[in-house]
Every structure is written in C-alpha cells, then in structure tokens.
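Asker: One structure coming up, written as structure tokens, with questions to follow.
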Amino acid sequence: MKLLRYGAPGAEKPALVDADGQIRDLSGHVRDLSGAALDPKALAGLRDLDPSGLPVVASPGRIGPCVAGVGKFICIGLNYADHAAETGAEVPSQPVIFMKATSAIVGPNDDVIQPKGSTKLDWEVELGIVIGRECR
C-alpha cells in the first residue's frame with residue numbers, strides 16, 4: 001500500500017496510490033497521515049479499503065511530506081562505511097545519533113530553504129521509519 005499526502009503546504013490531504021497508479025483521496029476515512037492513523041489497526045483498516053470506491057484525485061498538484069505531526073526527527077549519521085570514507089571520518093563503533101528540526105521535512109519536489117546565516121547546504125537521502133508500537 002502506497003500512502004501519500006497532496007495539496008498546498010499546511011493543507012495536505014491523505015491519499016493512496018492504487019494498482020493503476022491513480023491517486024485516491026482518503027480524507028473521508030482519515031484526517032491525515034499522522035499519529036493514530038498510522039497505528040497497526042488503522043493501517044489494516046486502510047489496507048482493507050477498496051480503492052475503486054475512493055475518489056480519484058484528477059490533478060493532485062503538489063505531493064507533500066509523507067506524514068504529518070512528526071514529534072521527533074531522530075537521525076543516525078555515518079551509518080555506511082562509504083559515507084564515512086567520503087567525509088574522511090572513521091566508521092564509528094557506536095551509532096552517531098542527532099536530531100533535525102521537524103520543519104526540515106518537505107515533499108519530494110519542495111524547495112529546501114537555506115536558513116539565515118548559513119553558508120553551506122549539503123544533500124542527504126533520508127529513510128523514514130514509522131514505529132507502530134510504543135518503544136522503551
């Protein structure tokens with residue numbers, strides 16, 4: 001099941017991509033792709049929907065960030081030997097954990113805004129993982 005959010009920044013709507021590649025609106029079933037809508041039971045409910053019964057989004061315009069309401073954006077750095085070598089660093093013996101501002105989460109074609117006072121931007125590929133159960 002492929003889920004996405006579409007629409008203007010701050011007003012995105014939830015949707016899924018059906019087997020034919022059409023975007024189908026989910027806003028009649030979930031408010032957004034965040035929090036409780038991403039728990040295992042809710043995802044199972046979305047998986048059980050018949051996509052042909054959902055409205056087709058003829059012209060979705062902008063594709064937004066994949067999820068909303070992110071509480072924490074936790075990152076692990078230098079987790080690939082090639083990446084460590086590229087930066088001239090040793091492969092760490094323990095994970096390098098850091099955080100980013102959740103405002104840095106954007107859609108696939110959104111502009112990346114360079115913060116005031118910064119002099120350099122670097123690109124990275126991020127992998128997002130949704131943890132569906134409480135962790136300790």
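Each chain in the structure tokens gets a letter, A, B and so on, in the order shown; residues start at 1 in every chain, and ligands are counted from 1 in the order they appear.
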So that I can see what lies close to stretch 64-68 of chain A, please list as a VMD selection string the residues with an atom at most 8 Å from it, counting only C-alpha atoms and leaving out residues fewer than 5 positions away in the same chain.

Answerer: chain A and resid 3 to 9 12 32 to 34 105 to 108 110

Asker: Fewer than 5 positions away in the same chain doesn't count, so skip those; otherwise give me all residues within 7 Å of A:Arg24, counting only C-alpha atoms, as a list in words.

Answerer: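 Everything that qualifies: Ala15, Leu16, Val17, Asp18, Pro51, Leu54, Pro55, Val56 and Val57 of chain A.
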
Asker: Generate a file of the selected residues that holds C-alpha atoms, formatted as a short mmCIF file (atom, residue, chain, number, x, y, z; two decimals), in the first residue's frame.

Answerer:
data_model
loop_
_atom_site.label_atom_id
_atom_site.label_comp_id
_atom_site.auth_asym_id
_atom_site.auth_seq_id
_atom_site.Cartn_x
_atom_site.Cartn_y
_atom_site.Cartn_z
CA ALA A 15 -4.33 9.68 -0.23
CA LEU A 16 -3.23 6.33 -1.54
CA VAL A 17 -1.91 5.19 -4.90
CA ASP A 18 -3.97 2.36 -6.39
CA PRO A 51 -9.54 1.77 -3.72
CA LEU A 54 -12.38 6.20 -3.22
CA PRO A 55 -12.50 9.49 -5.15
CA VAL A 56 -9.83 9.86 -7.84
CA VAL A 57 -7.65 12.93 -7.40
#

Asker: What residues in chain A get the DSSP label helix (DSSP H, G or I)? Please answer as a count of residues only.

Answerer: 25

Asker: Report, in Å to a single decimal, how far apart atom CA of A:Asn109 and atom CA of A:Asp20 are.

Answerer: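 Taking atom CA of A:Asp20 and atom CA of A:Asn109, their separation equals 22.3 Å.
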
Asker: Between A:Gly71, A:Asp39, A:Ala44, A:Thr87, which residue has the minimum interatomic distance to A:Asp122, considering only C-alpha atoms?

Answerer: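 So, comparing all the options, the nearest one is A:Thr87.
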